[in-house]
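Q: Next comes the structure file work.cif, holding mmCIF, N, CA and C atoms and all ligand atoms.
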data_coords
loop_
_atom_site.label_atom_id
_atom_site.label_comp_id
_atom_site.auth_asym_id
_atom_site.auth_seq_id
_atom_site.Cartn_x
_atom_site.Cartn_y
_atom_site.Cartn_z
N MET A 49 288.18 69.37 183.10
CA MET A 49 287.11 69.60 184.07
C MET A 49 286.45 70.95 183.80
N LYS A 50 285.11 70.96 183.87
CA LYS A 50 284.36 72.19 183.71
C LYS A 50 283.58 72.46 185.00
N ARG A 51 283.66 73.65 185.49
CA ARG A 51 282.83 74.05 186.61
C ARG A 51 281.53 74.61 186.05
N ARG A 52 280.39 73.99 186.41
CA ARG A 52 279.11 74.37 185.81
C ARG A 52 278.10 74.81 186.86
N THR A 53 278.59 75.31 187.93
CA THR A 53 277.75 75.71 189.06
C THR A 53 276.74 76.78 188.67
N THR A 54 277.16 77.77 187.94
CA THR A 54 276.27 78.89 187.63
C THR A 54 275.05 78.43 186.84
N GLU A 55 275.25 77.63 185.80
CA GLU A 55 274.10 77.20 185.00
C GLU A 55 273.18 76.29 185.80
N GLN A 56 273.76 75.45 186.66
CA GLN A 56 272.92 74.57 187.46
C GLN A 56 272.14 75.36 188.51
N ARG A 57 272.75 76.37 189.07
CA ARG A 57 272.04 77.21 190.04
C ARG A 57 270.89 77.95 189.38
N GLU A 58 271.08 78.33 188.13
CA GLU A 58 270.00 79.03 187.42
C GLU A 58 268.86 78.09 187.07
N ARG A 59 269.18 76.83 186.81
CA ARG A 59 268.16 75.86 186.40
C ARG A 59 267.45 75.23 187.59
N LEU A 60 268.19 74.96 188.65
CA LEU A 60 267.66 74.16 189.75
C LEU A 60 267.43 74.99 191.00
N ASP A 61 266.25 74.79 191.60
CA ASP A 61 266.00 75.38 192.91
C ASP A 61 266.09 74.34 194.01
N ALA A 62 265.87 73.10 193.67
CA ALA A 62 265.94 72.03 194.66
C ALA A 62 266.19 70.72 193.91
N HIS A 63 266.61 69.73 194.67
CA HIS A 63 266.91 68.43 194.07
C HIS A 63 266.43 67.35 195.02
N VAL A 64 265.64 66.44 194.48
CA VAL A 64 265.13 65.31 195.27
C VAL A 64 265.99 64.09 194.96
N PHE A 65 266.58 63.52 195.98
CA PHE A 65 267.40 62.32 195.82
C PHE A 65 266.66 61.14 196.42
N VAL A 66 266.45 60.11 195.61
CA VAL A 66 265.71 58.93 196.03
C VAL A 66 266.67 57.75 196.06
N CYS A 67 266.81 57.13 197.20
CA CYS A 67 267.69 55.97 197.32
C CYS A 67 267.05 54.77 196.62
N THR A 68 267.82 54.16 195.73
CA THR A 68 267.33 52.96 195.04
C THR A 68 268.28 51.78 195.26
N THR A 69 269.03 51.85 196.32
CA THR A 69 270.04 50.82 196.59
C THR A 69 269.41 49.43 196.65
N ASP A 70 270.06 48.53 195.93
CA ASP A 70 269.65 47.12 195.93
C ASP A 70 270.87 46.33 196.39
N ARG A 71 270.70 45.49 197.38
CA ARG A 71 271.84 44.68 197.82
C ARG A 71 271.35 43.32 198.29
N ASP A 72 272.17 42.37 198.08
CA ASP A 72 271.88 41.01 198.51
C ASP A 72 272.45 40.86 199.92
N SER A 73 271.60 41.11 200.88
CA SER A 73 272.08 41.19 202.26
C SER A 73 270.93 40.89 203.20
N GLU A 74 271.26 40.61 204.42
CA GLU A 74 270.23 40.42 205.43
C GLU A 74 269.60 41.75 205.86
N TYR A 75 270.26 42.86 205.50
CA TYR A 75 269.78 44.17 205.91
C TYR A 75 268.81 44.75 204.89
N ALA A 76 267.93 45.56 205.37
CA ALA A 76 266.92 46.18 204.50
C ALA A 76 267.58 47.10 203.48
N CYS A 77 266.96 47.19 202.33
CA CYS A 77 267.43 48.17 201.33
C CYS A 77 266.21 48.78 200.65
N CYS A 78 266.41 49.99 200.13
CA CYS A 78 265.29 50.73 199.57
C CYS A 78 264.70 50.04 198.34
N HIS A 79 265.53 49.41 197.54
CA HIS A 79 265.00 48.71 196.36
C HIS A 79 263.92 47.72 196.78
N ASP A 80 264.21 46.93 197.79
CA ASP A 80 263.25 45.92 198.23
C ASP A 80 262.02 46.53 198.91
N ALA A 81 262.15 47.79 199.31
CA ALA A 81 261.04 48.47 199.98
C ALA A 81 260.22 49.32 199.01
N GLY A 82 260.42 49.11 197.70
CA GLY A 82 259.58 49.80 196.72
C GLY A 82 260.15 51.08 196.16
N ALA A 83 261.49 51.20 196.13
CA ALA A 83 262.10 52.46 195.70
C ALA A 83 261.73 52.86 194.28
N GLU A 84 261.65 51.90 193.39
CA GLU A 84 261.37 52.27 191.99
C GLU A 84 259.97 52.87 191.87
N GLU A 85 259.02 52.32 192.57
CA GLU A 85 257.66 52.86 192.54
C GLU A 85 257.61 54.25 193.19
N THR A 86 258.37 54.40 194.26
CA THR A 86 258.40 55.70 194.92
C THR A 86 259.06 56.74 194.02
N LEU A 87 260.13 56.35 193.36
CA LEU A 87 260.80 57.24 192.40
C LEU A 87 259.83 57.69 191.31
N GLU A 88 259.08 56.77 190.77
CA GLU A 88 258.12 57.12 189.72
C GLU A 88 257.04 58.05 190.26
N ALA A 89 256.63 57.83 191.50
CA ALA A 89 255.62 58.71 192.10
C ALA A 89 256.16 60.13 192.24
N VAL A 90 257.44 60.26 192.59
CA VAL A 90 258.06 61.59 192.70
C VAL A 90 258.07 62.27 191.33
N LYS A 91 258.53 61.55 190.33
CA LYS A 91 258.59 62.13 188.98
C LYS A 91 257.20 62.52 188.49
N ASP A 92 256.24 61.62 188.69
CA ASP A 92 254.88 61.90 188.21
C ASP A 92 254.31 63.16 188.86
N TRP A 93 254.49 63.28 190.17
CA TRP A 93 253.95 64.43 190.89
C TRP A 93 254.55 65.73 190.33
N LEU A 94 255.85 65.72 190.10
CA LEU A 94 256.51 66.92 189.57
C LEU A 94 256.12 67.19 188.12
N ARG A 95 256.03 66.11 187.33
CA ARG A 95 255.62 66.29 185.92
C ARG A 95 254.24 66.92 185.84
N GLU A 96 253.34 66.46 186.69
CA GLU A 96 251.96 66.97 186.67
C GLU A 96 251.92 68.46 186.97
N ARG A 97 252.97 68.98 187.58
CA ARG A 97 253.04 70.40 187.93
C ARG A 97 254.07 71.15 187.08
N ASN A 98 254.54 70.48 186.04
CA ASN A 98 255.51 71.08 185.13
C ASN A 98 256.77 71.55 185.86
N ALA A 99 257.16 70.79 186.86
CA ALA A 99 258.33 71.17 187.67
C ALA A 99 259.42 70.11 187.66
N PHE A 100 259.22 69.06 186.85
CA PHE A 100 260.20 67.97 186.83
C PHE A 100 261.45 68.38 186.09
N TRP A 101 262.52 68.22 186.77
CA TRP A 101 263.89 68.44 186.28
C TRP A 101 264.28 69.90 186.26
N SER A 102 263.35 70.76 185.98
CA SER A 102 263.60 72.18 186.14
C SER A 102 262.27 72.83 186.52
N PRO A 103 262.26 73.38 187.69
CA PRO A 103 263.33 73.74 188.61
C PRO A 103 263.65 72.70 189.69
N ILE A 104 262.98 71.55 189.69
CA ILE A 104 263.24 70.57 190.75
C ILE A 104 263.82 69.31 190.11
N GLY A 105 265.08 69.05 190.39
CA GLY A 105 265.74 67.88 189.86
C GLY A 105 265.41 66.63 190.66
N VAL A 106 265.53 65.51 190.01
CA VAL A 106 265.32 64.21 190.66
C VAL A 106 266.46 63.29 190.25
N SER A 107 267.08 62.68 191.22
CA SER A 107 268.14 61.72 190.93
C SER A 107 268.04 60.55 191.87
N THR A 108 268.45 59.40 191.38
CA THR A 108 268.60 58.26 192.26
C THR A 108 269.93 58.40 192.99
N THR A 109 270.01 57.77 194.12
CA THR A 109 271.24 57.85 194.89
C THR A 109 271.48 56.53 195.61
N GLY A 110 272.70 56.37 196.07
CA GLY A 110 273.04 55.22 196.89
C GLY A 110 272.51 55.39 198.31
N CYS A 111 272.94 54.50 199.16
CA CYS A 111 272.41 54.43 200.53
C CYS A 111 272.58 55.76 201.26
N LEU A 112 271.48 56.20 201.88
CA LEU A 112 271.48 57.44 202.66
C LEU A 112 271.56 57.15 204.16
N ALA A 113 271.80 55.89 204.49
CA ALA A 113 271.91 55.46 205.90
C ALA A 113 270.59 55.62 206.65
N LEU A 114 269.49 55.50 205.91
CA LEU A 114 268.15 55.53 206.52
C LEU A 114 267.39 54.28 206.10
N CYS A 115 268.09 53.19 205.95
CA CYS A 115 267.53 51.94 205.42
C CYS A 115 266.38 51.44 206.29
N SER A 116 265.35 50.95 205.63
CA SER A 116 264.19 50.45 206.34
C SER A 116 263.40 49.50 205.45
N GLU A 117 262.82 48.52 206.06
CA GLU A 117 261.91 47.65 205.31
C GLU A 117 260.60 48.36 205.01
N GLY A 118 260.36 49.48 205.70
CA GLY A 118 259.07 50.15 205.61
C GLY A 118 258.90 51.06 204.43
N GLY A 119 259.98 51.35 203.68
CA GLY A 119 259.87 52.23 202.54
C GLY A 119 261.22 52.82 202.17
N THR A 120 261.17 53.79 201.29
CA THR A 120 262.35 54.35 200.65
C THR A 120 262.86 55.58 201.41
N ALA A 121 264.17 55.79 201.32
CA ALA A 121 264.78 57.00 201.88
C ALA A 121 264.87 58.08 200.81
N ILE A 122 264.56 59.31 201.21
CA ILE A 122 264.60 60.48 200.31
C ILE A 122 265.26 61.62 201.04
N THR A 123 266.09 62.37 200.33
CA THR A 123 266.55 63.65 200.87
C THR A 123 266.27 64.74 199.85
N ILE A 124 265.96 65.92 200.34
CA ILE A 124 265.68 67.07 199.48
C ILE A 124 266.70 68.16 199.82
N GLN A 125 267.46 68.52 198.82
CA GLN A 125 268.51 69.52 198.98
C GLN A 125 268.21 70.74 198.11
N PRO A 126 268.56 71.95 198.50
CA PRO A 126 269.34 72.30 199.69
C PRO A 126 268.51 72.46 200.95
N HIS A 127 267.28 71.95 200.95
CA HIS A 127 266.45 72.08 202.15
C HIS A 127 267.04 71.34 203.34
N ASN A 128 267.91 70.36 203.06
CA ASN A 128 268.47 69.51 204.11
C ASN A 128 267.37 68.79 204.87
N GLU A 129 266.37 68.31 204.10
CA GLU A 129 265.27 67.52 204.66
C GLU A 129 265.53 66.04 204.34
N TRP A 130 265.19 65.19 205.29
CA TRP A 130 265.48 63.76 205.16
C TRP A 130 264.25 62.96 205.58
N TYR A 131 263.93 61.95 204.79
CA TYR A 131 262.77 61.09 205.09
C TYR A 131 263.18 59.62 204.94
N SER A 132 262.59 58.79 205.74
CA SER A 132 262.71 57.35 205.54
C SER A 132 261.30 56.77 205.48
N ASP A 133 261.23 55.51 205.12
CA ASP A 133 259.94 54.80 205.12
C ASP A 133 258.91 55.43 204.19
N VAL A 134 259.38 56.02 203.10
CA VAL A 134 258.46 56.67 202.17
C VAL A 134 257.86 55.62 201.24
N ARG A 135 256.56 55.58 201.19
CA ARG A 135 255.83 54.70 200.27
C ARG A 135 255.30 55.56 199.12
N PRO A 136 255.03 54.96 197.99
CA PRO A 136 254.52 55.76 196.87
C PRO A 136 253.32 56.63 197.25
N GLU A 137 252.45 56.09 198.09
CA GLU A 137 251.27 56.85 198.47
C GLU A 137 251.58 58.03 199.40
N ASP A 138 252.80 58.06 199.96
CA ASP A 138 253.22 59.18 200.81
C ASP A 138 253.74 60.37 199.99
N VAL A 139 254.10 60.10 198.75
CA VAL A 139 254.82 61.11 197.96
C VAL A 139 254.05 62.41 197.78
N PRO A 140 252.77 62.40 197.43
CA PRO A 140 252.09 63.68 197.25
C PRO A 140 252.14 64.57 198.49
N ALA A 141 251.89 64.01 199.66
CA ALA A 141 251.91 64.83 200.88
C ALA A 141 253.32 65.32 201.18
N LEU A 142 254.30 64.46 200.96
CA LEU A 142 255.69 64.84 201.22
C LEU A 142 256.10 66.01 200.32
N LEU A 143 255.83 65.89 199.03
CA LEU A 143 256.27 66.94 198.10
C LEU A 143 255.46 68.21 198.27
N GLU A 144 254.20 68.06 198.61
CA GLU A 144 253.39 69.25 198.86
C GLU A 144 253.92 70.02 200.07
N ARG A 145 254.33 69.26 201.08
CA ARG A 145 254.90 69.88 202.28
C ARG A 145 256.17 70.65 201.94
N GLU A 146 256.97 70.09 201.05
CA GLU A 146 258.24 70.72 200.70
C GLU A 146 258.09 71.89 199.73
N PHE A 147 257.20 71.71 198.75
CA PHE A 147 257.17 72.65 197.63
C PHE A 147 255.84 73.36 197.43
N GLY A 148 254.86 73.04 198.26
CA GLY A 148 253.54 73.61 198.07
C GLY A 148 252.73 72.78 197.09
N PRO A 149 251.40 72.98 197.05
CA PRO A 149 250.53 72.12 196.25
C PRO A 149 250.81 72.17 194.76
N GLU A 150 251.35 73.27 194.27
CA GLU A 150 251.65 73.39 192.84
C GLU A 150 253.14 73.39 192.55
N ALA A 151 253.94 72.95 193.53
CA ALA A 151 255.40 72.90 193.37
C ALA A 151 255.98 74.26 193.04
N SER A 152 255.36 75.30 193.58
CA SER A 152 255.79 76.65 193.28
C SER A 152 256.58 77.29 194.42
N ARG A 153 256.77 76.56 195.51
CA ARG A 153 257.44 77.13 196.68
C ARG A 153 258.91 76.74 196.70
N VAL A 154 259.50 76.61 195.54
CA VAL A 154 260.85 76.09 195.48
C VAL A 154 261.91 77.06 195.98
N ASP A 155 261.62 78.34 195.97
CA ASP A 155 262.62 79.30 196.41
C ASP A 155 262.60 79.52 197.91
N ASP A 156 261.54 79.13 198.54
CA ASP A 156 261.39 79.40 199.96
C ASP A 156 262.21 78.45 200.80
N GLU A 157 262.65 78.95 201.91
CA GLU A 157 263.25 78.06 202.90
C GLU A 157 262.13 77.25 203.51
N PRO A 158 262.34 75.97 203.76
CA PRO A 158 261.29 75.20 204.39
C PRO A 158 261.07 75.66 205.82
N PRO A 159 259.80 75.65 206.27
CA PRO A 159 259.54 76.03 207.65
C PRO A 159 260.32 75.16 208.63
N GLU A 160 260.70 75.76 209.72
CA GLU A 160 261.48 75.04 210.71
C GLU A 160 260.67 73.96 211.42
N ASP A 161 259.36 74.14 211.45
CA ASP A 161 258.54 73.26 212.29
C ASP A 161 257.87 72.16 211.47
N ARG A 162 258.51 71.68 210.46
CA ARG A 162 257.91 70.65 209.61
C ARG A 162 258.16 69.25 210.14
N GLU A 163 257.70 68.95 211.29
CA GLU A 163 257.83 67.58 211.82
C GLU A 163 256.61 66.78 211.52
S1 LIG B 201 269.45 51.35 201.29
FE1 LIG B 201 268.34 53.21 201.06
S2 LIG B 201 268.95 54.39 202.76
FE2 LIG B 201 270.16 52.60 202.90
#
Written as structure tokens, how would this file's structure read?

A:
Amino acid sequence: MKRRTTEQRERLDAHVFVCTTDRDSEYACCHDAGAEETLEAVKDWLRERNAFWSPIGVSTTGCLALCSEGGTAITIQPHNEWYSDVRPEDVPALLEREFGPEASRVDDEPPEDRE
């Protein structure tokens, strides 16, 4: 086992986790609500600002317990921000709110009043 916290802390200021859970069930899942398209929208927005993967990581994740037919669940850490019902067209406003228009606000704490 290697502890790699220091190098990851130096590379990453934030991490966007996009739920892509797919399940054969009567319950809603993010895959069926367009998670792959939303994931691509997140990556594209960050790539366009040269912020993809460093300093802002993106990973798929399992169920975040925010399942909805209306869209995908996303959490942004360490901001401890949580979203559900995210559609691809919501991504630019969501990421701008979190990171600023040029994805340069990665070191800042998110404002408390971001409802
Ligand atoms: S399936 Fe995505 S939050 Fe539950």

Q: Using all atoms listed in the file, what are the residues with an atom within 5 Å of ligand LIG 201 (chain B), set out as a list in words?

A: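 Result of the 5 Å neighbour search around ligand LIG 201 (chain B): Cys67, Thr69, Cys77, Cys78, Cys111, Leu112, Ala113, Leu114, Cys115 and Ala121 of chain A.
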
Q: Taking only N, CA and C atoms into account, which of A:Arg135, A:Arg71, A:Lys50, A:Arg153 comes nearest Thr86 (chain A)?

A: A:Arg135

Q: Expressed in Å to a single decimal, how great is the separation between CA of Asp138 (chain A) and CA of Asp80 (chain A)?

A: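 Taking CA of Asp138 (chain A) and CA of Asp80 (chain A), their separation equals 16.8 Å.
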
Q: Within chain A, find each residue whose DSSP state, derived from the backbone, is strand (DSSP E or B), and express the selection as JSON, numbers by chain.

A: {"A": [62, 63, 64, 65, 66, 67, 100, 104, 105, 106, 107, 108, 109, 120, 121, 122, 123, 124, 125, 129, 130, 131, 132, 133, 134]}

Q: Which residues in region 64-150 of chain A does DSSP call alpha helix (DSSP H)? List them as a list in words.

A: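 For region 64-150 of chain A, the alpha helix (DSSP H) set is Ala83, Glu84, Glu85, Thr86, Leu87, Glu88, Ala89, Val90, Lys91, Asp92, Trp93, Leu94, Arg95, Glu96, Val139, Pro140, Ala141, Leu142, Leu143, Glu144, Arg145, Glu146 and Phe147 of chain A.
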
Q: How would the residues just picked look written out with N, CA and C atoms as an mmCIF file, keeping the file's coordinate frame?

A:
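The resulting file, selection-v9.cif, is reproduced below:
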data_model
loop_
_atom_site.group_PDB
_atom_site.id
_atom_site.type_symbol
_atom_site.label_atom_id
_atom_site.label_comp_id
_atom_site.auth_asym_id
_atom_site.auth_seq_id
_atom_site.Cartn_x
_atom_site.Cartn_y
_atom_site.Cartn_z
ATOM 1 N N ALA A 83 261.490 51.200 196.130
ATOM 2 C CA ALA A 83 262.100 52.460 195.700
ATOM 3 C C ALA A 83 261.730 52.860 194.280
ATOM 4 N N GLU A 84 261.650 51.900 193.390
ATOM 5 C CA GLU A 84 261.370 52.270 191.990
ATOM 6 C C GLU A 84 259.970 52.870 191.870
ATOM 7 N N GLU A 85 259.020 52.320 192.570
ATOM 8 C CA GLU A 85 257.660 52.860 192.540
ATOM 9 C C GLU A 85 257.610 54.250 193.190
ATOM 10 N N THR A 86 258.370 54.400 194.260
ATOM 11 C CA THR A 86 258.400 55.700 194.920
ATOM 12 C C THR A 86 259.060 56.740 194.020
ATOM 13 N N LEU A 87 260.130 56.350 193.360
ATOM 14 C CA LEU A 87 260.800 57.240 192.400
ATOM 15 C C LEU A 87 259.830 57.690 191.310
ATOM 16 N N GLU A 88 259.080 56.770 190.770
ATOM 17 C CA GLU A 88 258.120 57.120 189.720
ATOM 18 C C GLU A 88 257.040 58.050 190.260
ATOM 19 N N ALA A 89 256.630 57.830 191.500
ATOM 20 C CA ALA A 89 255.620 58.710 192.100
ATOM 21 C C ALA A 89 256.160 60.130 192.240
ATOM 22 N N VAL A 90 257.440 60.260 192.590
ATOM 23 C CA VAL A 90 258.060 61.590 192.700
ATOM 24 C C VAL A 90 258.070 62.270 191.330
ATOM 25 N N LYS A 91 258.530 61.550 190.330
ATOM 26 C CA LYS A 91 258.590 62.130 188.980
ATOM 27 C C LYS A 91 257.200 62.520 188.490
ATOM 28 N N ASP A 92 256.240 61.620 188.690
ATOM 29 C CA ASP A 92 254.880 61.900 188.210
ATOM 30 C C ASP A 92 254.310 63.160 188.860
ATOM 31 N N TRP A 93 254.490 63.280 190.170
ATOM 32 C CA TRP A 93 253.950 64.430 190.890
ATOM 33 C C TRP A 93 254.550 65.730 190.330
ATOM 34 N N LEU A 94 255.850 65.720 190.100
ATOM 35 C CA LEU A 94 256.510 66.920 189.570
ATOM 36 C C LEU A 94 256.120 67.190 188.120
ATOM 37 N N ARG A 95 256.030 66.110 187.330
ATOM 38 C CA ARG A 95 255.620 66.290 185.920
ATOM 39 C C ARG A 95 254.240 66.920 185.840
ATOM 40 N N GLU A 96 253.340 66.460 186.690
ATOM 41 C CA GLU A 96 251.960 66.970 186.670
ATOM 42 C C GLU A 96 251.920 68.460 186.970
ATOM 43 N N VAL A 139 254.100 60.100 198.750
ATOM 44 C CA VAL A 139 254.820 61.110 197.960
ATOM 45 C C VAL A 139 254.050 62.410 197.780
ATOM 46 N N PRO A 140 252.770 62.400 197.430
ATOM 47 C CA PRO A 140 252.090 63.680 197.250
ATOM 48 C C PRO A 140 252.140 64.570 198.490
ATOM 49 N N ALA A 141 251.890 64.010 199.660
ATOM 50 C CA ALA A 141 251.910 64.830 200.880
ATOM 51 C C ALA A 141 253.320 65.320 201.180
ATOM 52 N N LEU A 142 254.300 64.460 200.960
ATOM 53 C CA LEU A 142 255.690 64.840 201.220
ATOM 54 C C LEU A 142 256.100 66.010 200.320
ATOM 55 N N LEU A 143 255.830 65.890 199.030
ATOM 56 C CA LEU A 143 256.270 66.940 198.100
ATOM 57 C C LEU A 143 255.460 68.210 198.270
ATOM 58 N N GLU A 144 254.200 68.060 198.610
ATOM 59 C CA GLU A 144 253.390 69.250 198.860
ATOM 60 C C GLU A 144 253.920 70.020 200.070
ATOM 61 N N ARG A 145 254.330 69.260 201.080
ATOM 62 C CA ARG A 145 254.900 69.880 202.280
ATOM 63 C C ARG A 145 256.170 70.650 201.940
ATOM 64 N N GLU A 146 256.970 70.090 201.050
ATOM 65 C CA GLU A 146 258.240 70.720 200.700
ATOM 66 C C GLU A 146 258.090 71.890 199.730
ATOM 67 N N PHE A 147 257.200 71.710 198.750
ATOM 68 C CA PHE A 147 257.170 72.650 197.630
ATOM 69 C C PHE A 147 255.840 73.360 197.430
#

Q: Given only C-alpha atoms as the basis, pick out the residue of A:Ser116, A:Ser152, A:Asn128, A:Asn98 nearest to Phe65 (chain A).

A: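 Nearest candidate to Phe65 (chain A) out of A:Ser116, A:Ser152, A:Asn128, A:Asn98: A:Asn128.
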
Q: Using only N, CA and C atoms, which residue out of A:Arg57, A:Tyr75, A:Lys91, A:Pro103 lies closest to Val154 (chain A)?

A: A:Pro103

Q: Looking at only N, CA and C atoms, which of A:Arg52, A:Arg59, A:His127, A:Arg145 is the one that sits closest to Trp101 (chain A)?

A: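 Closest to Trp101 (chain A) of all the choices is A:Arg59.
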
Q: Find the residues near Val90 (chain A): any atom within 9 Å, counting only C-alpha atoms, skip ones fewer than 2 places away on the same chain, and give them as a list of chain:residue names.

A: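 Listed by chain and then number, they are A:Val64, A:Val66, A:Glu85, A:Thr86, A:Leu87, A:Glu88, A:Asp92, A:Trp93, A:Leu94, A:Arg95, A:Phe100, A:Val106, A:Pro136, A:Val139, A:Pro140, A:Leu143.
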
Q: Could you please determine the separation between atom C of Glu150 (chain A) and CA of Gly118 (chain A) in Å, to one decimal place?

A: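 Going from atom C of Glu150 (chain A) over to CA of Gly118 (chain A) covers 27.3 Å.
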
Q: Let me make sure I understand: among A:Asp72, A:Ala62, A:Ser102, A:Gly82, which one has the smallest atom-to-atom distance to Glu129 (chain A) if we use only C-alpha atoms?

A: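 When distances to Glu129 (chain A) are compared using only C-alpha atoms, the smallest one comes from A:Ala62.
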
Q: So, with all atoms listed in the file as the atoms that count, which of A:Ser132, A:Arg97, A:Glu137, A:Gln125 lies closest to Asp61 (chain A)?

A: A:Gln125

Q: Hey, can you check how far atom C of Thr109 (chain A) sits from atom C of Thr68 (chain A)?

A: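 A separation of 5.7 Å between them.
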